[in-house]
Amino acid sequence: MPASQPPNHPADSSALPDSSGSSQTNIREPIDANSGEPGPNERDPAASAEINQQSDDQKLSVGEKVGYGLGDTASNLYWKTFEFFLIYFYTDVFGLTAKSAGTLMLVTRIWDAINDPLVGYLADRTRTTWGRFRPYLVWMSVPFAITGMMTFYTPDMGPTGKLVYAYITYTLVMMAYTAINIPYGALMGVISSNSIERTSVSTYRFIAAFCGGIVVQYCTLGMVAYFGGSETTVVDGVTKEIVLNEQRGFFLTMCVFSVAAVLLFLITFATTKERVQPVADSKSTFRADIKFVLSSLKLHQVMLLGLALLACLATAFETQTLLPILGGYVVLSLVSVAVRAYALKRFADVSEGSTFEMDFNDLLSNRPWMVLFGFGLLQLSGLFVRGGAILYYFKYYCGDASIAPTFWVLGSFAAIAGMLLTKTMTRIFGKKLLMIGMNAGVALITAAFFFLEPDQITEMLALQVAASFIGGPVPVLLWAMYADTADYSEWRSGRRATGLVFAAATFSQKMGCAVGAAMTGFALSFYQYAQPIDGVEQLQSSTTLQGMRMMMSLIPAGFLLASAVCLMFYGISKPLSEQIERDLQARKFSDFTDASPDESGSPS
């Protein structure tokens, strides 16, 4: 950066740092400390002291970190239930076919294309004495609980009625999940401006999340048996516990989880504080934002292409459906052009810019965030294929579903142990290199399940512990990296849209979950899974058993390996992350001093 250029000048939006942490010429960097000229903090000792004090003020107590983490315990009471039990509930308890359940997972994501960014937009513009994001933990906790209970209730309806009910309730619960989880995730981006503190908070968060997961993994089947009633019987010489009323058992189990989630979110609200505010609080009118939404062909195409991809996935890329999907895309594109023409005429009097447009453009030009979007989609797809297959794998391939809770819980404890090393490993390798290595390692271990026979339970448990330990830090680092991309966007553009960054991140996670869960349903259908008839398990063919073996090993391993490759294009290195933090602190101090009165009492 030329010496005449102020250090708090926004970076050019077209620039992107390379993998080494150095920047291309378009990025305006602070003066190098080794060049012989003082950096911004060294020029003014008072500025340096103020920035250091601000950094100290961003350090968080253990109580606040734990309180924040409990919010993800609440979220995981739902997320892990969806990951491990929802497909099973829909096929073996609720009564949907595997293919219908898979299609449901994808079709319901259509609304998320609108709902997720809408929540991020609203959260970024929320102004209360509680902050921008914390209020949603109070406002949405009860709807979150009610929709969760409704999703696991089985109504006395015919097949069509049940299918409609499942679509409605699953859509509602995912809307409620979005409305509370996007602000919760964005809260981590404003709880502290210190990158190391945020990584520490993320560690607490995901240890708490895994604790919620352990509760779901270890307790769910036992609670279902308790609430639904059970009896012990002998089937083919094997003693098994049969649940008499799984419908009642799953519903009451979810009621317990839902009430617990409300209480945990309220604790998070009471124990946390928002500290980071945007450098400049840009504003635009609602009419300007509506004009952008209706007139932006770029926004329309992003949405239409996403919908077309969802439609292709929902129909498993069947040849006879591709032409109608293409036709629908063309028709809607023409409608988009007509809507644009109407909006430009209807809102011709609107001259101010739209902050939503700026947020949207910032997001699309934030290439590190785009890489994380792709990574989250691929990684969650692989994890949900495997997670959805586990109960089927042990129930049918190994012949004993009771192994599943032990398998899950051992993995969770191993993941927590791995998480405890996150801070140390991050300091040694940096986030990017560590994430690539961990995902590649987990992919190889997951692939090894393909070579195990049904009676090799010890080997299965050992591989699960190894994969979970290696992959433990992944969720911790991922959300800390999303917070880094929000900082990166502000560093480049001078604007901050934390809510939209985390909304789009949550959308990628939900899409990954949907694709993985849908693939579980489609794969079960493809491998000719025979559902229970009137609660009676059916004998599975060798083709079906081999399919479950693939879903447990090679299929998820492929997704995980692809996610590791995706991360090679992530551009925020450890040195650049530290530089961004310093520059943003300097800008905040500069804004503070510019607004402070001088000795005469007038602004300086």
# chains A, B, ... in the order shown; residues from 1 in each chain; ligands from 1
$ residues_around --residues "region 349-358 of chain A" --least-positions-apart "5" --cutoff "9 Å" --atoms "only C-alpha atoms" --output "ChimeraX atom specification"
/A:121,282-293,296,363,495
$ write_last_selection --atoms "C-alpha atoms" --output "PDB file, in the first residue's frame"
ATOM      1  CA  TYR A 121     -31.395  -9.905   6.421  1.00  0.00           C
ATOM      2  CA  SER A 282     -25.296   1.607   6.497  1.00  0.00           C
ATOM      3  CA  LYS A 283     -28.992   2.041   6.026  1.00  0.00           C
ATOM      4  CA  SER A 284     -31.420   1.924   3.167  1.00  0.00           C
ATOM      5  CA  THR A 285     -35.162   2.070   2.927  1.00  0.00           C
ATOM      6  CA  PHE A 286     -37.324  -1.024   2.690  1.00  0.00           C
ATOM      7  CA  ARG A 287     -38.471   0.110  -0.770  1.00  0.00           C
ATOM      8  CA  ALA A 288     -34.855   0.208  -1.978  1.00  0.00           C
ATOM      9  CA  ASP A 289     -34.312  -3.365  -0.791  1.00  0.00           C
ATOM     10  CA  ILE A 290     -37.566  -4.518  -2.425  1.00  0.00           C
ATOM     11  CA  LYS A 291     -36.518  -2.843  -5.673  1.00  0.00           C
ATOM     12  CA  PHE A 292     -33.273  -4.790  -5.626  1.00  0.00           C
ATOM     13  CA  VAL A 293     -34.964  -8.115  -4.852  1.00  0.00           C
ATOM     14  CA  SER A 296     -31.775  -8.104  -9.753  1.00  0.00           C
ATOM     15  CA  LEU A 363     -21.210 -12.308  -0.199  1.00  0.00           C
ATOM     16  CA  ARG A 495     -19.189  -3.057   5.607  1.00  0.00           C
TER      17      ARG A 495
END
$ residues_around --residues "Leu172 (chain A)" --least-positions-apart "2" --cutoff "9 Å" --atoms "only C-alpha atoms" --output "ChimeraX atom specification"
/A:144,147-148,151,167-170,174-177
$ closest_atom_pairs --of "region 472-527 of chain A" --to "region 571-587 of chain A" --cutoff "8 Å" --atoms "only C-alpha atoms" --output "tab-separated table"
residue	atom	partner	partner_atom	distance
A:Asp484	CA	A:Ser577	CA	7.1
A:Asp487	CA	A:Ile580	CA	7.1
A:Tyr488	CA	A:Ile580	CA	6.8
A:Trp491	CA	A:Ile580	CA	6.4
$ write_last_selection --atoms "all heavy atoms" --output "PDB file, in the first residue's frame"
ATOM      1  N   ASP A 484     -14.408 -15.634  10.454  1.00  0.00           N
ATOM      2  CA  ASP A 484     -13.266 -14.993   9.797  1.00  0.00           C
ATOM      3  C   ASP A 484     -13.660 -14.422   8.436  1.00  0.00           C
ATOM      4  O   ASP A 484     -13.172 -13.367   8.026  1.00  0.00           O
ATOM      5  CB  ASP A 484     -12.125 -15.992   9.619  1.00  0.00           C
ATOM      6  CG  ASP A 484     -11.447 -16.349  10.939  1.00  0.00           C
ATOM      7  OD1 ASP A 484     -11.680 -15.640  11.933  1.00  0.00           O
ATOM      8  OD2 ASP A 484     -10.698 -17.347  10.959  1.00  0.00           O
ATOM      9  N   ASP A 487     -15.295 -11.118   8.921  1.00  0.00           N
ATOM     10  CA  ASP A 487     -14.263 -10.105   9.133  1.00  0.00           C
ATOM     11  C   ASP A 487     -13.592  -9.739   7.798  1.00  0.00           C
ATOM     12  O   ASP A 487     -13.327  -8.571   7.521  1.00  0.00           O
ATOM     13  CB  ASP A 487     -13.192 -10.619  10.089  1.00  0.00           C
ATOM     14  CG  ASP A 487     -13.670 -10.660  11.533  1.00  0.00           C
ATOM     15  OD1 ASP A 487     -14.751 -10.107  11.811  1.00  0.00           O
ATOM     16  OD2 ASP A 487     -12.966 -11.254  12.366  1.00  0.00           O
ATOM     17  N   TYR A 488     -13.302 -10.770   6.993  1.00  0.00           N
ATOM     18  CA  TYR A 488     -12.649 -10.550   5.705  1.00  0.00           C
ATOM     19  C   TYR A 488     -13.498  -9.651   4.814  1.00  0.00           C
ATOM     20  O   TYR A 488     -12.986  -8.739   4.149  1.00  0.00           O
ATOM     21  CB  TYR A 488     -12.423 -11.904   5.035  1.00  0.00           C
ATOM     22  CG  TYR A 488     -11.866 -11.837   3.631  1.00  0.00           C
ATOM     23  CD1 TYR A 488     -10.506 -11.626   3.421  1.00  0.00           C
ATOM     24  CD2 TYR A 488     -12.696 -11.995   2.529  1.00  0.00           C
ATOM     25  CE1 TYR A 488      -9.988 -11.572   2.127  1.00  0.00           C
ATOM     26  CE2 TYR A 488     -12.191 -11.940   1.241  1.00  0.00           C
ATOM     27  CZ  TYR A 488     -10.842 -11.736   1.043  1.00  0.00           C
ATOM     28  OH  TYR A 488     -10.333 -11.676  -0.220  1.00  0.00           O
ATOM     29  N   TRP A 491     -13.265  -6.153   6.099  1.00  0.00           N
ATOM     30  CA  TRP A 491     -11.916  -5.651   5.833  1.00  0.00           C
ATOM     31  C   TRP A 491     -11.788  -5.150   4.400  1.00  0.00           C
ATOM     32  O   TRP A 491     -11.156  -4.130   4.133  1.00  0.00           O
ATOM     33  CB  TRP A 491     -10.922  -6.775   6.107  1.00  0.00           C
ATOM     34  CG  TRP A 491      -9.473  -6.455   5.924  1.00  0.00           C
ATOM     35  CD1 TRP A 491      -8.714  -5.580   6.654  1.00  0.00           C
ATOM     36  CD2 TRP A 491      -8.594  -7.034   4.958  1.00  0.00           C
ATOM     37  NE1 TRP A 491      -7.409  -5.577   6.206  1.00  0.00           N
ATOM     38  CE2 TRP A 491      -7.306  -6.476   5.160  1.00  0.00           C
ATOM     39  CE3 TRP A 491      -8.763  -7.981   3.946  1.00  0.00           C
ATOM     40  CZ2 TRP A 491      -6.201  -6.821   4.390  1.00  0.00           C
ATOM     41  CZ3 TRP A 491      -7.656  -8.335   3.178  1.00  0.00           C
ATOM     42  CH2 TRP A 491      -6.396  -7.759   3.397  1.00  0.00           C
TER      43      TRP A 491
END
$ residues_around --residues "Cys211 (chain A)" --least-positions-apart "4" --cutoff "10 Å" --atoms "only C-alpha atoms" --output "list in words"
Leu70, Asp72, Thr73, Ala74, Asn76, Leu77, Arg205, Phe206, Ile207, Val215, Val216, Gln217, Val409, Ser412, Phe413 and Ile416 of chain A
$ write_last_selection --atoms "C-alpha atoms" --output "PDB file, in the first residue's frame"
ATOM      1  CA  LEU A  70     -25.427 -24.457  25.650  1.00  0.00           C
ATOM      2  CA  ASP A  72     -25.718 -25.540  20.453  1.00  0.00           C
ATOM      3  CA  THR A  73     -26.608 -28.254  22.940  1.00  0.00           C
ATOM      4  CA  ALA A  74     -30.192 -27.146  22.333  1.00  0.00           C
ATOM      5  CA  ASN A  76     -28.117 -30.552  18.559  1.00  0.00           C
ATOM      6  CA  LEU A  77     -31.036 -32.097  20.412  1.00  0.00           C
ATOM      7  CA  ARG A 205     -19.757 -24.440  21.580  1.00  0.00           C
ATOM      8  CA  PHE A 206     -19.018 -27.725  19.902  1.00  0.00           C
ATOM      9  CA  ILE A 207     -18.112 -29.581  23.058  1.00  0.00           C
ATOM     10  CA  VAL A 215     -27.817 -37.341  24.917  1.00  0.00           C
ATOM     11  CA  VAL A 216     -29.615 -37.997  21.634  1.00  0.00           C
ATOM     12  CA  GLN A 217     -27.406 -40.938  20.672  1.00  0.00           C
ATOM     13  CA  VAL A 409     -21.410 -42.420  22.064  1.00  0.00           C
ATOM     14  CA  SER A 412     -18.835 -38.491  20.409  1.00  0.00           C
ATOM     15  CA  PHE A 413     -16.425 -38.854  23.335  1.00  0.00           C
ATOM     16  CA  ILE A 416     -14.714 -34.177  22.210  1.00  0.00           C
TER      17      ILE A 416
END
$ closest_residue --among "A:Ser100, A:Ser295, A:Thr91, A:Ser202" --to "Leu344 (chain A)" --atoms "only C-alpha atoms"
A:Ser295
$ closest_residue --among "A:Met435, A:Ala415, A:Ala504, A:Met550" --to "Leu524 (chain A)" --atoms "only C-alpha atoms"
A:Met550
$ closest_residue --among "A:Ala208, A:Met511, A:Val243, A:Leu463" --to "Ala225 (chain A)" --atoms "only C-alpha atoms"
A:Val243
$ select_by_dssp --residues "region 56-269 of chain A" --states "strand (DSSP E)" --output "list in words"
Ser230, Glu231, Thr232, Thr233, Val234, Val235, Val238, Thr239, Lys240, Glu241, Ile242 and Val243 of chain A
$ select_by_dssp --residues "region 119-149 of chain A" --states "helix (DSSP H, G or I)" --output "number ranges by chain"
A: 119-124, 135-139, 141-149
$ atom_distance --atom1 "CA of Arg109 (chain A)" --atom2 "CA of Gln528 (chain A)"
25.7 Å
$ closest_residue --among "A:Thr220, A:Ser141, A:Thr319, A:Thr81" --to "Tyr184 (chain A)" --atoms "only C-alpha atoms"
A:Ser141
$ residues_around --residues "Cys566 (chain A)" --least-positions-apart "2" --cutoff "7 Å" --atoms "only C-alpha atoms" --output "number ranges by chain"
A: 371, 374-375, 562-564, 568-569
$ closest_residue --among "A:Gly120, A:Ile470, A:Ile191, A:Val256" --to "Gly437 (chain A)" --atoms "only C-alpha atoms"
A:Ile470
$ closest_residue --among "A:Tyr392, A:Tyr342, A:Tyr153, A:Tyr88" --to "Ala404 (chain A)" --atoms "only C-alpha atoms"
A:Tyr392
$ atom_distance --atom1 "CA of Gln546 (chain A)" --atom2 "CA of Tyr397 (chain A)"
8.2 Å
$ atom_distance --atom1 "CA of Ser381 (chain A)" --atom2 "CA of Gly512 (chain A)"
4.3 Å
$ residues_around --residues "Gly382 (chain A)" --least-positions-apart "6" --cutoff "10 Å" --atoms "only C-alpha atoms" --output "PyMOL selection string"
chain A and resi 376+443+512-513+515-517+519+551-563
